[in-house]
Amino acid sequence: MTTEKRRAPAGAAVLRGEITTAIRRALTQELAAVGYGRLSIEAVARRAGVSKTAIYRRWNSKLDLVLEIVAAAAHGKLPALDTGTLRGDLALLFQAVAHALRHPLASQIIPDLLAEAARNPTIDATLREVLHARQQEIGGRLVSRAVQRGELPADTDLDAAIDLIVGPLYWRLAIARLPLTDSYLDNLVESVAAGLGADTALSRPRAAPISG
C-alpha cells in the first residue's frame, strides 16, 4: 500500500503546470494551421517542445486533446449580461462573442471543427453538448431577464429565442465567412430584438466596446 502512494512520477508538478500549458497552446496553433484531419500528436509535441510521451500522459489521443480544448473554450468567461434592457444585453453579448471570434485562431479552428463534426460522431456529440449547454445558460438568462422586465412575452419560446440570438453569428463566421463589423452587430441587435417581439419603444444604452 505504501508503494502505491509513492507512485507519482518525478517532475509531476512541472508536467501539470507549464508543460501542460505549452501543449494546449501548441495544440491550438497546430489545429489552426493544419486542421483536425492533418493534426498529429508528433507535430503538437514538436511545436510545444515536449516529447509525445508528455502528451500521452495527459490525453489518450488527439481527439481527447481537442475535445478538452473545445470544452474549455465553450466555458470561457463572458461579461455579466445585465445592462437593464434586452437590446443592451444583446449588444454586450454580440460584442463579446465577436471579439472572441475575430481572433485568427478562432476564425480558423471553429469552421474546421464544424466541418469535421459532420464526419466524426464524437466531435459532433461533444460540440452539440458543450455548445448547447453554454447557449442555454447564456441565452436562457438573457431571455428570462427580458421576460421579467416585460420586454418579451411570458410565453416566449426559449429554444427558438436562443437560436435567433446565437445563430446569425455562427452562420456569418462558419458559413458565410464574412467579417463581424460594428455596423453589422448594431443592425443585428435591432433585427434580433424585433424578431423576438421586443418593444421597440424601449431605448437601448450602447454597450461599451470590448477592449483587446
# chains A, B, ... in the order shown; residues from 1 in each chain; ligands from 1
>>> closest_atom_pairs(of="segment 99-173 of chain A", to="segment 48-72 of chain A", cutoff="12 Å", atoms="only C-alpha atoms", output="CSV")
residue,atom,partner,partner_atom,distance
A:Ala106,CA,A:Val70,CA,10.7
A:Ile109,CA,A:Val70,CA,9.8
A:Ile110,CA,A:Val70,CA,9.3
A:Leu113,CA,A:Val70,CA,9.3
A:Leu114,CA,A:Val70,CA,11.3
A:Glu116,CA,A:Leu63,CA,11.4
A:Ala117,CA,A:Leu67,CA,11.4
A:Asn120,CA,A:Leu63,CA,9.9
A:Pro121,CA,A:Leu63,CA,11.4
A:Thr122,CA,A:Leu63,CA,8.5
A:Ile123,CA,A:Leu67,CA,7.1
A:Asp124,CA,A:Leu67,CA,10.2
A:Ala125,CA,A:Leu67,CA,10.2
A:Thr126,CA,A:Leu67,CA,7.0
A:Leu127,CA,A:Val70,CA,7.6
A:Arg128,CA,A:Ala71,CA,10.7
A:Glu129,CA,A:Ala71,CA,9.2
A:Val130,CA,A:Ala71,CA,6.1
A:Leu131,CA,A:Ala71,CA,8.3
A:His132,CA,A:Ala71,CA,11.3
A:Ala133,CA,A:Ala71,CA,10.5
A:Arg134,CA,A:Ala71,CA,9.8
>>> residues_around(residues="Gly139 of chain A", least_positions_apart="5", cutoff="12 Å", atoms="only C-alpha atoms", output="list in words")
Leu81, Leu86, Asp89, Leu90, Leu93, Phe94, Leu131, His132, Ala133, Arg134, Ser144, Arg145, Ala146, Asp157, Leu158, Asp159, Ala160, Ala161, Ile162, Asp163, Leu164, Ile165, Val166 and Gly167 of chain A
>>> residues_around(residues="Arg177 of chain A", least_positions_apart="4", cutoff="9 Å", atoms="only C-alpha atoms", output="PyMOL selection string")
chain A and resi 107+111+171-173
>>> atom_distance(atom1="atom CA of Leu152 of chain A", atom2="atom CA of Thr181 of chain A")
26.9 Å
>>> residues_around(residues="Asn187 of chain A", least_positions_apart="5", cutoff="12 Å", atoms="only C-alpha atoms", output="count of residues only")
11
>>> select_by_dssp(residues="segment 17-85 of chain A", states="alpha helix (DSSP H)", output="number ranges by chain")
A: 20-38, 41-48, 52-56, 62-74
>>> write_last_selection(atoms="C-alpha atoms", output="short mmCIF file (atom, residue, chain, number, x, y, z; two decimals), in the first residue's frame")
data_model
loop_
_atom_site.label_atom_id
_atom_site.label_comp_id
_atom_site.auth_asym_id
_atom_site.auth_seq_id
_atom_site.Cartn_x
_atom_site.Cartn_y
_atom_site.Cartn_z
CA THR A 20 0.51 21.18 -19.95
CA THR A 21 0.05 24.86 -20.81
CA ALA A 22 2.63 24.58 -23.59
CA ILE A 23 0.86 21.55 -25.05
CA ARG A 24 -2.52 23.26 -25.04
CA ARG A 25 -1.07 26.34 -26.71
CA ALA A 26 0.70 24.22 -29.32
CA LEU A 27 -2.47 22.24 -29.99
CA THR A 28 -4.43 25.42 -30.64
CA GLN A 29 -1.78 26.77 -33.00
CA GLU A 30 -1.35 23.48 -34.85
CA LEU A 31 -5.10 22.96 -35.17
CA ALA A 32 -5.47 26.43 -36.69
CA ALA A 33 -2.56 25.79 -39.06
CA VAL A 34 -3.44 22.36 -40.47
CA GLY A 35 -6.95 21.47 -39.34
CA TYR A 36 -8.13 18.43 -37.39
CA GLY A 37 -7.71 15.96 -40.25
CA ARG A 38 -3.96 16.61 -40.61
CA ILE A 41 0.49 14.31 -31.83
CA GLU A 42 4.01 14.41 -33.25
CA ALA A 43 3.51 17.91 -34.64
CA VAL A 44 1.92 19.17 -31.44
CA ALA A 45 4.80 17.76 -29.40
CA ARG A 46 7.34 19.33 -31.74
CA ARG A 47 5.64 22.73 -31.56
CA ALA A 48 5.36 22.52 -27.76
CA LYS A 52 4.99 12.58 -27.34
CA THR A 53 5.07 10.73 -24.01
CA ALA A 54 4.39 14.01 -22.20
CA ILE A 55 1.20 14.38 -24.22
CA TYR A 56 0.07 10.77 -23.82
CA LYS A 62 -5.53 13.77 -30.36
CA LEU A 63 -9.32 13.54 -30.18
CA ASP A 64 -9.28 13.70 -26.37
CA LEU A 65 -6.90 16.65 -26.50
CA VAL A 66 -9.03 18.58 -28.99
CA LEU A 67 -12.27 17.85 -27.14
CA GLU A 68 -10.83 19.19 -23.90
CA ILE A 69 -9.79 22.42 -25.62
CA VAL A 70 -13.26 22.78 -27.15
CA ALA A 71 -14.96 22.28 -23.79
CA ALA A 72 -12.65 24.78 -22.08
CA ALA A 73 -13.24 27.40 -24.78
CA ALA A 74 -17.01 26.95 -24.61
#
>>> closest_residue(among="A:Gly84, A:His99, A:Ala118, A:Leu169", to="Val189 of chain A", atoms="only C-alpha atoms")
A:Leu169
>>> atom_distance(atom1="atom CA of Val147 of chain A", atom2="atom CA of Leu101 of chain A")
28.4 Å
>>> closest_residue(among="A:Gly197, A:Pro179, A:Glu190, A:Ser40", to="Gly88 of chain A", atoms="only C-alpha atoms")
A:Glu190
